[in-house]
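See structure below.
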Amino acid sequence: MHDVHHLYRRAGFGLSPDEWKQRKQWSRQQAIDDLFREAKVAQPLPEGNASGDTEGMMSATAQAERRKEERKRVIQLNADWVMRMGNPQESALLERMSLFWHGHFACEAKFSLLATRQLNTLRKHALGNFRDLLLGIARDPAMIRYLNNQQNRKNAPNENFAREVMELFTVGRGHYTERDVKEAARAFTGWSSDLKGNFVFRRFAHDYGEKTVLGKTGNLTGEDVIDLLLQQEATATFICRKIYRHFVNDTVDEGRIAELAASFRASNYDIGQLMRRLFSSDWFYAAGNVGTRIKSPVELLAGLIRQLGVQRFAENGLIGLQRALGQLLFRPPNVAGWPGGRAWIDNSTLLLRLNLGGAFLRSGELDFTLAPELEQAQKQQLRRLGVELNATPLISLANQPDNLANYTALGTYLLAAPLPPLNATTRRILDGKTTDPVLLITGILTLPEYQLC
Amino acid sequence: MKRRSFLRTSALASTAAFTPLFLQGMSTPPRLRSREGKILIVLQLSGGNDGLNTIIPYGNDIYYQQRPVLGIKPADVLKLNETQGLHPALAPLQKCYDAGELTVINSVGYPNPDRSHFRSMDIWHTGSPATENWSTGWIGRYLDHHCSGKPPYHALEVDDGLSLALKGEQRNGFAMSNAQRLRQAVDNRYLKSLDRGHVTHSDGNLGYLYKTLTQTQDAAGYLFEQSRTHRSQVSYPSNAFGNDLKQIAELITANTATNIYYASLGGFDTHAGQAGRQHRLLQQFAEGVAALVKDLKANRLFDDVLIMTFSEFGRRLQQNGSGGTDHGTANNVLMIGGNLRQKGFYNPAPDLTTLDNGDLIYQIDFRQCYANVIDNWLAGDAQQVLGGRFGGVRVV
């Protein structure tokens, strides 16, 4: 299999047909350098004109209106993000890393300004220093609300954030005690946000007393707790294991993880350096790690957008698909994020996935109702995907006189796993005198192999 | 060149199209598959159904004080005992109550209630404590522990998507909104002619995908045939929920090898204009369930069936300023069936005096209801499935 293509599938969302033509001759190193160069020049997302959370001063009707408006804005932000993932003009690595961190620091955002700010925090530090990222998230208004740190006050501590920062963001279960959670919660008292969506430290709500966290006693602040967590070896191991599962393989290799974690600590938590190391390792390109991971729904959608040259996608269609496939951005199932791997697949999501490429190419309706929890009328609306695409670059890969050669060329480009033997339908299509490449493409996108990357 | 000749050769080989044994859904031929054991039907009322306006505590003045507009007048309540009665839209279910086929469990909830739809639904689906995030559902784990060797549609959700409740670690339930639509989806000519000869046991995720697909295709054929075996003679309300229940009844009557069915009715999030909306929804619910009961009775199957309803939370005791109610906590669970051990009211009406921030305080943990169903209806081990002991409730 092709190293550079594998790299782009994992570090980004695959290559567009034009990128594939240009870059298939590149060396690994060349591609890695280019990915990091693009990520470096990417800009923060504009905040738009949405305000923070000013609901407190509104009537019930105005609040309901406001929420509706904000839901739309968050949907727009979501759709824009997925379109960026599929857009060859954007930094694939940065979008991919932000997606990874969004799954790690899983957070539901209801206000668009807060969602934009959180995403900007993830983008800013996605390849930077993990301490900056962690601190940025601890001070992030969307996360503060999601994990109730606004209610974390000296006289009535709320442990939610303190627990999750240990269990899910840094050391993981088994590396802290209930007492550590309680004491750490005190250190984060007063970390709050104002109505405009800015972080504020409320001095009068902060507990300045003595605390003991992870064996260290003193007048600990939230920053101190974060530094204590970063001193634990378990943090680097926990993060590297998660990175390995996302970028390399569901089935972890603890030896590789220990190597990665040691270098991550040695670099003082430089995420960019860690990712470079990972993408430069020979084992990253080993056969067992290529074409064996199940794409997440968002990866699948972004990949299709890139490969099929999708120019426009109705927001409702894109959101409906995310819901139906089980990964709605800015709305993870809970703070633990999406379980991933085989958990993406059940009979309904698999059938939807296998029929998806064909539905894109027909650009029509999908014969699935997309969101079980919605009411009938909304469901119907969501079936319209509203996809506009330009498949010409993809079709141009099938430029040989021989049908079988074209099929092989398309399959090699579209699939990360080996192209399976021809089946009866494909053979019939290949035997036809004039073969429409779109039929070949549909056949390949319908293969279970296409679900892997 | 090499690759091309490889493709040609394997193309020839694949004419023998065989399916490796490990990919096969079921070794039993479809006509021999039939149900063993009892049936559970879970009905989810999504959006947070207002339990206080479903089973109405008409005997309690506080209810009327807190709901001067939304309170259902005593004259309109279908009284079941001295303190509680049914919402008038639930009239079709009164017969069930009178016949001892409906049990109300009051004040069901869990500690540290969460008022987010999303999160609270998650808690009900997974059966986790409010302080933990689990990624498998209670029915999914039942399948993991007790259903090896059973077909994937042992637990069947009537919808296009599969709810978290039916997702296990190793095994999942099966989702299908309509047997005919499902068959069309697998009838895709590309899927029909997929070759499987190249997939081997060691193919990890690829094997898993092919296996899920093979099982789905097998199930689609089986469920389609089953759905045509028996035509219901009962008239169901003509709405989506009614159709779902009718499909369930037809599959049950055809002796389908499915023991757990799952269906939902949505729209209960009545922050404003509650009276008319909830009335319509409860009517859909009651008419649908009454038709289902009638159908099952006509086929002498009702004794084998238990229907359990739930909603992610109840609603606030006090009505709000927009003719609605806001998110609350504890709620009632209804158990309907021909073989109930405890009939009528399982426990006293909700306490409207001792509240937590204006919300009901739960008396029965929802996992006690699950435990009762798992242990005493589905012949399982609730402690294993729920990860703890939740005894005490004995409705079945």
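Every chain in the structure tokens has a letter given in the order shown (A, B, ...), and although residue numbers restart at 1 in each chain, ligands are simply numbered from 1 in the order shown.
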(message) For Pro297 (chain A), find every residue with an atom within 8 Å (counting only C-alpha atoms), except residues of its own chain fewer than 2 positions away, and show them as a list in words.
(response)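 Non-adjacent residues within range: Lys295, Glu299, Leu300, Leu301, Gln322, Leu325, Gly326, Gln327 and Trp344 of chain A.
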(request) Could you please tell me, as an NGL selection string, which residues of chain A have an atom within 6 Å of chain B when using only C-alpha atoms? (result) :A and (347-348 or 372 or 421-424 or 443)
(request) Could you tell me how far CA of Lys150 (chain B) lies from CA of Lys294 (chain B), in Å and to one decimal? (result) 28.9 Å
(message) Give me the residues near Leu80 (chain B) as a list of chain:residue names, where near means some atom within 10 Å (using only C-alpha atoms) and where sequence neighbours in that chain fewer than 4 positions away do not count.
(response) B:Ile55, B:Ile56, B:Gln84, B:Gly85, B:Leu86, B:Gln94, B:Tyr97, B:Asp98, B:Gly344, B:Phe345
(request) as number ranges by chain, please: all residues of region 18-76 of chain A that backbone DSSP puts in alpha helix (DSSP H). (result) A: 18-23, 28-41, 60-76
May I have the selected residues written with N, CA, C and O atoms, as a compact mmCIF listing (two decimals), in the first residue's frame?
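Produced file out_10.txt, reproduced below:
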# COMPACT_ATOMS: atom_id res chain seq x y z
N ASP A 18 -6.92 15.34 -7.32
CA ASP A 18 -5.82 16.17 -7.83
C ASP A 18 -4.59 16.10 -6.93
O ASP A 18 -3.47 16.00 -7.40
N GLU A 19 -4.85 16.13 -5.61
CA GLU A 19 -3.72 16.00 -4.67
C GLU A 19 -3.03 14.66 -4.87
O GLU A 19 -1.81 14.56 -4.81
N TRP A 20 -3.82 13.64 -5.07
CA TRP A 20 -3.28 12.30 -5.26
C TRP A 20 -2.36 12.27 -6.47
O TRP A 20 -1.23 11.76 -6.40
N LYS A 21 -2.78 12.88 -7.56
CA LYS A 21 -1.95 12.89 -8.76
C LYS A 21 -0.63 13.59 -8.49
O LYS A 21 0.44 13.12 -8.87
N GLN A 22 -0.72 14.74 -7.77
CA GLN A 22 0.50 15.52 -7.52
C GLN A 22 1.42 14.86 -6.51
O GLN A 22 2.63 14.95 -6.60
N ARG A 23 0.82 14.25 -5.48
CA ARG A 23 1.65 13.89 -4.34
C ARG A 23 2.03 12.42 -4.26
O ARG A 23 2.76 12.03 -3.35
N ARG A 28 7.74 10.26 2.24
CA ARG A 28 7.08 10.46 3.54
C ARG A 28 7.47 11.80 4.14
O ARG A 28 6.62 12.56 4.58
N GLN A 29 8.78 12.06 4.14
CA GLN A 29 9.30 13.24 4.81
C GLN A 29 8.73 14.51 4.19
O GLN A 29 8.31 15.44 4.88
N GLN A 30 8.71 14.51 2.86
CA GLN A 30 8.17 15.66 2.13
C GLN A 30 6.71 15.92 2.55
O GLN A 30 6.31 17.05 2.80
N ALA A 31 5.95 14.85 2.62
CA ALA A 31 4.53 14.98 2.97
C ALA A 31 4.36 15.45 4.41
O ALA A 31 3.54 16.33 4.71
N ILE A 32 5.16 14.88 5.31
CA ILE A 32 5.06 15.28 6.72
C ILE A 32 5.39 16.76 6.86
O ILE A 32 4.66 17.52 7.50
N ASP A 33 6.47 17.20 6.20
CA ASP A 33 6.84 18.61 6.28
C ASP A 33 5.73 19.50 5.76
O ASP A 33 5.43 20.55 6.34
N ASP A 34 5.12 19.06 4.67
CA ASP A 34 4.06 19.88 4.09
C ASP A 34 2.84 19.97 5.01
O ASP A 34 2.25 21.03 5.17
N LEU A 35 2.49 18.86 5.64
CA LEU A 35 1.36 18.86 6.58
C LEU A 35 1.60 19.85 7.72
O LEU A 35 0.71 20.62 8.09
N PHE A 36 2.81 19.83 8.26
CA PHE A 36 3.10 20.72 9.39
C PHE A 36 3.22 22.18 8.93
O PHE A 36 2.85 23.09 9.67
N ARG A 37 3.72 22.38 7.71
CA ARG A 37 3.83 23.75 7.19
C ARG A 37 2.43 24.37 7.05
O ARG A 37 2.18 25.49 7.50
N GLU A 38 1.50 23.59 6.47
CA GLU A 38 0.13 24.09 6.31
C GLU A 38 -0.51 24.42 7.67
O GLU A 38 -1.20 25.42 7.81
N ALA A 39 -0.25 23.55 8.65
CA ALA A 39 -0.87 23.74 9.97
C ALA A 39 -0.37 25.03 10.62
O ALA A 39 -1.09 25.71 11.34
N LYS A 40 0.88 25.36 10.33
CA LYS A 40 1.51 26.52 10.96
C LYS A 40 0.88 27.83 10.50
O LYS A 40 0.77 28.77 11.28
N VAL A 41 0.48 27.89 9.26
CA VAL A 41 -0.03 29.17 8.74
C VAL A 41 -1.54 29.32 8.87
O VAL A 41 -2.11 30.33 8.51
N ALA A 60 -38.85 34.57 28.89
CA ALA A 60 -38.85 33.16 28.50
C ALA A 60 -38.95 33.01 26.99
O ALA A 60 -38.26 32.19 26.39
N THR A 61 -39.79 33.82 26.37
CA THR A 61 -39.97 33.72 24.91
C THR A 61 -38.69 34.14 24.20
O THR A 61 -38.27 33.48 23.25
N ALA A 62 -38.11 35.25 24.66
CA ALA A 62 -36.88 35.72 24.03
C ALA A 62 -35.79 34.67 24.19
O ALA A 62 -34.99 34.43 23.29
N GLN A 63 -35.77 34.03 25.36
CA GLN A 63 -34.77 32.97 25.60
C GLN A 63 -34.93 31.83 24.62
O GLN A 63 -33.95 31.33 24.07
N ALA A 64 -36.19 31.42 24.42
CA ALA A 64 -36.45 30.30 23.52
C ALA A 64 -36.01 30.66 22.10
O ALA A 64 -35.39 29.85 21.41
N GLU A 65 -36.32 31.89 21.68
CA GLU A 65 -35.91 32.39 20.36
C GLU A 65 -34.40 32.34 20.21
O GLU A 65 -33.84 31.86 19.24
N ARG A 66 -33.77 32.87 21.27
CA ARG A 66 -32.32 32.96 21.30
C ARG A 66 -31.69 31.58 21.17
O ARG A 66 -30.75 31.35 20.42
N ARG A 67 -32.26 30.61 21.90
CA ARG A 67 -31.70 29.26 21.86
C ARG A 67 -31.81 28.64 20.50
O ARG A 67 -30.92 27.95 20.03
N LYS A 68 -32.95 28.91 19.87
CA LYS A 68 -33.19 28.38 18.54
C LYS A 68 -32.15 28.94 17.57
O LYS A 68 -31.54 28.22 16.79
N GLU A 69 -31.97 30.25 17.68
CA GLU A 69 -31.00 30.95 16.84
C GLU A 69 -29.59 30.38 17.06
O GLU A 69 -28.85 30.10 16.12
N GLU A 70 -29.27 30.15 18.34
CA GLU A 70 -27.94 29.64 18.67
C GLU A 70 -27.74 28.21 18.17
O GLU A 70 -26.67 27.83 17.75
N ARG A 71 -28.82 27.43 18.25
CA ARG A 71 -28.72 26.05 17.74
C ARG A 71 -28.34 26.08 16.26
O ARG A 71 -27.50 25.32 15.81
N LYS A 72 -28.97 26.99 15.53
CA LYS A 72 -28.67 27.12 14.11
C LYS A 72 -27.22 27.50 13.89
O LYS A 72 -26.56 26.99 12.99
N ARG A 73 -26.75 28.44 14.70
CA ARG A 73 -25.37 28.90 14.54
C ARG A 73 -24.37 27.78 14.83
O ARG A 73 -23.34 27.67 14.17
N VAL A 74 -24.67 26.98 15.85
CA VAL A 74 -23.75 25.89 16.18
C VAL A 74 -23.76 24.86 15.04
O VAL A 74 -22.73 24.30 14.67
N ILE A 75 -24.93 24.64 14.46
CA ILE A 75 -25.03 23.73 13.32
C ILE A 75 -24.19 24.25 12.15
O ILE A 75 -23.48 23.51 11.49
N GLN A 76 -24.27 25.56 11.94
CA GLN A 76 -23.48 26.17 10.87
C GLN A 76 -21.98 25.98 11.13
O GLN A 76 -21.21 25.62 10.22
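Closest approach to Phe302 (chain B) among B:Ile41, B:Tyr370, B:His117, B:Arg231 is made by B:Ile41 (distances from only C-alpha atoms).
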(message) Applying 12 Å and only C-alpha atoms, which residues near Ala336 (chain A) remain after dropping the ones on its own chain fewer than 5 positions away? List them as a list in words.
(response)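 Residues near the query, excluding close chain neighbours: Trp101, His102, Gly103, His104, Phe105, Ala106, Cys107, Glu108, Leu147, Arg163, Glu164, Val165, Met166, Glu167, Leu168, Phe169, Gly172, Lys242 and Arg331 of chain A; Thr131, Glu132, Asn133, Trp134 and Ser135 of chain B.
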(request) Just give me the gap between CA of Leu143 (chain B) and CA of Ala330 (chain B) in Å, one decimal is fine. (result) 27.6 Å
(request) Excluding region 361-368 of chain B and any residue of its chain fewer than 6 positions from it, enumerate the residues within 7 Å of it, using only C-alpha atoms, and give them as an MDAnalysis selection string. (result) chainID B and resid 107:110 127 330 355 390:393
N, CA, C and O atoms of the current selection, written as a PDB file, in the first residue's frame:
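out39.pdb, freshly written:
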ATOM      1  N   SER B 107     -42.936   7.675  41.016  1.00  0.00           N
ATOM      2  CA  SER B 107     -41.695   8.286  41.519  1.00  0.00           C
ATOM      3  C   SER B 107     -40.440   7.474  41.199  1.00  0.00           C
ATOM      4  O   SER B 107     -39.648   7.160  42.078  1.00  0.00           O
ATOM      5  N   VAL B 108     -40.272   7.139  39.934  1.00  0.00           N
ATOM      6  CA  VAL B 108     -39.082   6.393  39.524  1.00  0.00           C
ATOM      7  C   VAL B 108     -38.031   7.394  39.042  1.00  0.00           C
ATOM      8  O   VAL B 108     -38.340   8.298  38.274  1.00  0.00           O
ATOM      9  N   GLY B 109     -36.809   7.216  39.513  1.00  0.00           N
ATOM     10  CA  GLY B 109     -35.742   8.139  39.114  1.00  0.00           C
ATOM     11  C   GLY B 109     -34.401   7.607  39.552  1.00  0.00           C
ATOM     12  O   GLY B 109     -34.207   6.386  39.632  1.00  0.00           O
ATOM     13  N   TYR B 110     -33.484   8.508  39.866  1.00  0.00           N
ATOM     14  CA  TYR B 110     -32.150   8.089  40.296  1.00  0.00           C
ATOM     15  C   TYR B 110     -31.512   9.229  41.079  1.00  0.00           C
ATOM     16  O   TYR B 110     -31.944  10.386  40.966  1.00  0.00           O
ATOM     17  N   GLY B 127     -28.108   2.728  32.124  1.00  0.00           N
ATOM     18  CA  GLY B 127     -28.287   2.198  33.478  1.00  0.00           C
ATOM     19  C   GLY B 127     -27.091   2.547  34.347  1.00  0.00           C
ATOM     20  O   GLY B 127     -26.797   1.854  35.314  1.00  0.00           O
ATOM     21  N   ALA B 330     -38.127  12.792  38.931  1.00  0.00           N
ATOM     22  CA  ALA B 330     -38.751  11.471  39.003  1.00  0.00           C
ATOM     23  C   ALA B 330     -40.053  11.441  38.195  1.00  0.00           C
ATOM     24  O   ALA B 330     -40.702  12.457  37.996  1.00  0.00           O
ATOM     25  N   LEU B 355     -39.978  18.290  48.490  1.00  0.00           N
ATOM     26  CA  LEU B 355     -39.435  18.389  47.131  1.00  0.00           C
ATOM     27  C   LEU B 355     -37.965  18.757  47.189  1.00  0.00           C
ATOM     28  O   LEU B 355     -37.475  19.261  48.194  1.00  0.00           O
ATOM     29  N   PHE B 390     -29.961  -4.292  42.485  1.00  0.00           N
ATOM     30  CA  PHE B 390     -31.074  -3.336  42.491  1.00  0.00           C
ATOM     31  C   PHE B 390     -32.380  -4.089  42.694  1.00  0.00           C
ATOM     32  O   PHE B 390     -33.248  -4.099  41.842  1.00  0.00           O
ATOM     33  N   GLY B 391     -32.457  -4.774  43.807  1.00  0.00           N
ATOM     34  CA  GLY B 391     -33.626  -5.602  44.072  1.00  0.00           C
ATOM     35  C   GLY B 391     -34.800  -4.785  44.580  1.00  0.00           C
ATOM     36  O   GLY B 391     -34.768  -3.553  44.607  1.00  0.00           O
ATOM     37  N   GLY B 392     -35.832  -5.504  44.973  1.00  0.00           N
ATOM     38  CA  GLY B 392     -36.933  -4.834  45.668  1.00  0.00           C
ATOM     39  C   GLY B 392     -38.203  -4.739  44.869  1.00  0.00           C
ATOM     40  O   GLY B 392     -39.270  -5.004  45.390  1.00  0.00           O
ATOM     41  N   VAL B 393     -38.113  -4.363  43.605  1.00  0.00           N
ATOM     42  CA  VAL B 393     -39.340  -4.209  42.826  1.00  0.00           C
ATOM     43  C   VAL B 393     -39.770  -5.568  42.274  1.00  0.00           C
ATOM     44  O   VAL B 393     -38.977  -6.297  41.696  1.00  0.00           O
TER      45      VAL B 393
END
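For region 50-214 of chain B, backbone-based DSSP labels the following residues as strand (DSSP E or B): Ile55, Ile56, Leu78, Lys79, Gly85, Leu86, Leu102, Thr103, Val104, Ile105, Asn106, Ser107, Val108, Gly109, Ala155, Leu156, Glu157, Lys167, Asn172, Phe174 and Ala175 of chain B.
The interatomic distance for the pair CA of Asp269 (chain B) and CA of Gln283 (chain B) works out to 15.9 Å.
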(request) Determine, counting only C-alpha atoms, which protein, DNA and RNA residues have an atom within 12 Å of an atom of Ala290 (chain B); residues of the same chain fewer than 5 positions away are not included. Present the result as a list in words. (result) Leu90, Ala91, Pro92, Leu93, Gln94, Lys95, Cys96, Tyr97, Glu101, Leu102, Val234, Ser235, Tyr236, Pro237, Gly242, Leu245, Lys246, Ala249, Leu282, Gln283, Gln284, Phe285, Asp295, Leu296, Lys297, Phe302, Ile307, Ile336 and Gly337 of chain B
Any chance you can output those residues with N, CA, C and O atoms as a short mmCIF file (atom, residue, chain, number, x, y, z; two decimals), in the first residue's frame?
data_model
loop_
_atom_site.label_atom_id
_atom_site.label_comp_id
_atom_site.auth_asym_id
_atom_site.auth_seq_id
_atom_site.Cartn_x
_atom_site.Cartn_y
_atom_site.Cartn_z
N LEU B 90 -55.99 9.06 28.09
CA LEU B 90 -55.57 7.67 28.28
C LEU B 90 -56.76 6.73 28.45
O LEU B 90 -56.58 5.56 28.83
N ALA B 91 -57.96 7.23 28.16
CA ALA B 91 -59.17 6.41 28.33
C ALA B 91 -59.04 5.00 27.73
O ALA B 91 -59.49 4.03 28.36
N PRO B 92 -58.42 4.84 26.55
CA PRO B 92 -58.34 3.48 26.00
C PRO B 92 -57.60 2.49 26.91
O PRO B 92 -57.71 1.28 26.71
N LEU B 93 -56.83 3.02 27.88
CA LEU B 93 -56.07 2.11 28.75
C LEU B 93 -56.80 1.77 30.04
O LEU B 93 -56.34 0.94 30.82
N GLN B 94 -57.94 2.44 30.27
CA GLN B 94 -58.64 2.20 31.53
C GLN B 94 -59.02 0.72 31.68
O GLN B 94 -58.92 0.15 32.75
N LYS B 95 -59.44 0.13 30.57
CA LYS B 95 -59.82 -1.29 30.60
C LYS B 95 -58.68 -2.17 31.11
O LYS B 95 -58.89 -3.12 31.85
N CYS B 96 -57.48 -1.86 30.66
CA CYS B 96 -56.31 -2.62 31.10
C CYS B 96 -56.16 -2.53 32.61
O CYS B 96 -55.92 -3.52 33.30
N TYR B 97 -56.30 -1.31 33.12
CA TYR B 97 -56.16 -1.12 34.56
C TYR B 97 -57.23 -1.94 35.29
O TYR B 97 -56.94 -2.67 36.24
N GLU B 101 -54.21 -5.42 34.26
CA GLU B 101 -53.18 -5.60 33.25
C GLU B 101 -52.27 -4.37 33.13
O GLU B 101 -51.51 -4.25 32.19
N LEU B 102 -52.44 -3.44 34.08
CA LEU B 102 -51.61 -2.23 34.05
C LEU B 102 -51.17 -1.91 35.46
O LEU B 102 -52.00 -1.82 36.36
N VAL B 234 -56.60 -6.12 13.67
CA VAL B 234 -57.01 -5.03 14.55
C VAL B 234 -56.69 -3.70 13.88
O VAL B 234 -55.70 -3.59 13.16
N SER B 235 -57.54 -2.69 14.12
CA SER B 235 -57.23 -1.42 13.48
C SER B 235 -56.39 -0.55 14.42
O SER B 235 -56.76 -0.30 15.57
N TYR B 236 -55.24 -0.14 13.94
CA TYR B 236 -54.31 0.69 14.72
C TYR B 236 -54.48 2.14 14.30
O TYR B 236 -54.87 2.40 13.15
N PRO B 237 -54.20 3.09 15.18
CA PRO B 237 -54.28 4.50 14.76
C PRO B 237 -53.29 4.74 13.62
O PRO B 237 -52.19 4.17 13.61
N GLY B 242 -48.43 4.15 15.76
CA GLY B 242 -49.39 3.07 15.54
C GLY B 242 -48.82 2.04 14.56
O GLY B 242 -48.93 0.83 14.79
N LEU B 245 -46.21 -0.14 16.29
CA LEU B 245 -46.78 -1.16 17.18
C LEU B 245 -47.44 -2.27 16.38
O LEU B 245 -47.39 -3.44 16.75
N LYS B 246 -48.04 -1.89 15.26
CA LYS B 246 -48.68 -2.90 14.43
C LYS B 246 -47.63 -3.87 13.89
O LYS B 246 -47.80 -5.09 13.90
N ALA B 249 -46.66 -6.21 16.59
CA ALA B 249 -47.69 -7.24 16.82
C ALA B 249 -47.64 -8.30 15.73
O ALA B 249 -47.75 -9.50 16.00
N LEU B 282 -50.56 11.73 24.23
CA LEU B 282 -51.04 10.65 25.09
C LEU B 282 -52.12 9.85 24.39
O LEU B 282 -52.24 8.63 24.57
N GLN B 283 -52.90 10.54 23.57
CA GLN B 283 -53.94 9.85 22.82
C GLN B 283 -53.32 8.86 21.81
O GLN B 283 -53.73 7.71 21.73
N GLN B 284 -52.32 9.35 21.10
CA GLN B 284 -51.61 8.45 20.16
C GLN B 284 -51.07 7.24 20.90
O GLN B 284 -51.17 6.11 20.45
N PHE B 285 -50.46 7.54 22.04
CA PHE B 285 -49.87 6.49 22.85
C PHE B 285 -50.92 5.47 23.28
O PHE B 285 -50.79 4.26 23.05
N ASP B 295 -54.84 -6.82 19.96
CA ASP B 295 -54.27 -7.70 18.95
C ASP B 295 -53.62 -8.92 19.61
O ASP B 295 -53.86 -10.08 19.23
N LEU B 296 -52.80 -8.67 20.62
CA LEU B 296 -52.10 -9.76 21.29
C LEU B 296 -53.08 -10.70 21.98
O LEU B 296 -52.90 -11.92 21.99
N LYS B 297 -54.12 -10.10 22.57
CA LYS B 297 -55.12 -10.93 23.23
C LYS B 297 -55.83 -11.82 22.22
O LYS B 297 -56.05 -13.02 22.46
N PHE B 302 -50.95 -12.35 24.87
CA PHE B 302 -50.76 -11.26 25.81
C PHE B 302 -50.10 -11.71 27.11
O PHE B 302 -49.36 -10.95 27.73
N ILE B 307 -45.14 -4.91 28.56
CA ILE B 307 -44.81 -3.61 27.97
C ILE B 307 -44.34 -2.70 29.09
O ILE B 307 -44.99 -2.61 30.13
N ILE B 336 -47.37 -2.95 31.53
CA ILE B 336 -48.63 -3.45 31.00
C ILE B 336 -48.41 -4.88 30.52
O ILE B 336 -47.42 -5.14 29.82
N GLY B 337 -49.28 -5.79 30.90
CA GLY B 337 -49.11 -7.17 30.45
C GLY B 337 -50.21 -8.06 30.99
O GLY B 337 -50.95 -7.68 31.89
#
(request) Tell me, as a ChimeraX atom specification, which residues lie within 12 Å of Val305 (chain B), counting only C-alpha atoms; anything in the same chain fewer than 2 positions away does not count. (result) /B:37-42,101,248-249,252-253,258-261,292-293,295-297,299-303,307-308,335-340,373,377-378,396
Please dump the current selection as a short mmCIF file (atom, residue, chain, number, x, y, z; two decimals), in the first residue's frame; keep C-alpha atoms.
data_model
loop_
_atom_site.label_atom_id
_atom_site.label_comp_id
_atom_site.auth_asym_id
_atom_site.auth_seq_id
_atom_site.Cartn_x
_atom_site.Cartn_y
_atom_site.Cartn_z
CA GLY B 37 -39.23 -17.35 26.17
CA LYS B 38 -41.13 -14.23 27.00
CA ILE B 39 -41.41 -10.90 25.23
CA LEU B 40 -40.53 -7.44 26.49
CA ILE B 41 -41.67 -4.33 24.63
CA VAL B 42 -39.98 -1.10 25.76
CA GLU B 101 -53.18 -5.60 33.25
CA ILE B 248 -44.38 -5.41 16.36
CA ALA B 249 -47.69 -7.24 16.82
CA ILE B 252 -44.86 -11.42 17.44
CA THR B 253 -47.87 -13.21 16.00
CA THR B 258 -37.33 -11.78 18.76
CA ASN B 259 -37.80 -11.37 22.50
CA ILE B 260 -37.21 -7.68 23.03
CA TYR B 261 -38.88 -4.93 21.00
CA LEU B 292 -51.60 -3.70 20.50
CA VAL B 293 -53.11 -5.24 23.63
CA ASP B 295 -54.27 -7.70 18.95
CA LEU B 296 -52.10 -9.76 21.29
CA LYS B 297 -55.12 -10.93 23.23
CA ASN B 299 -53.90 -14.15 19.27
CA ARG B 300 -53.61 -15.44 22.85
CA LEU B 301 -50.15 -13.95 23.24
CA PHE B 302 -50.76 -11.26 25.81
CA ASP B 303 -49.73 -13.45 28.73
CA ILE B 307 -44.81 -3.61 27.97
CA MET B 308 -42.68 -1.14 29.90
CA MET B 335 -45.96 -1.88 33.16
CA ILE B 336 -48.63 -3.45 31.00
CA GLY B 337 -49.11 -7.17 30.45
CA GLY B 338 -51.34 -10.18 30.84
CA ASN B 339 -49.21 -11.74 33.50
CA LEU B 340 -48.49 -9.13 36.16
CA VAL B 373 -37.59 -7.33 34.23
CA TRP B 377 -39.18 -11.81 32.97
CA LEU B 378 -36.13 -12.28 30.74
CA VAL B 396 -43.56 -9.34 37.31
#
(request) Determine the nearest neighbour of Asp356 (chain B) from the options B:Leu317, B:Asp218, B:Arg228, B:Asp326, counting only C-alpha atoms. (result)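 Among the listed residues, B:Leu317 lies closest to Asp356 (chain B).
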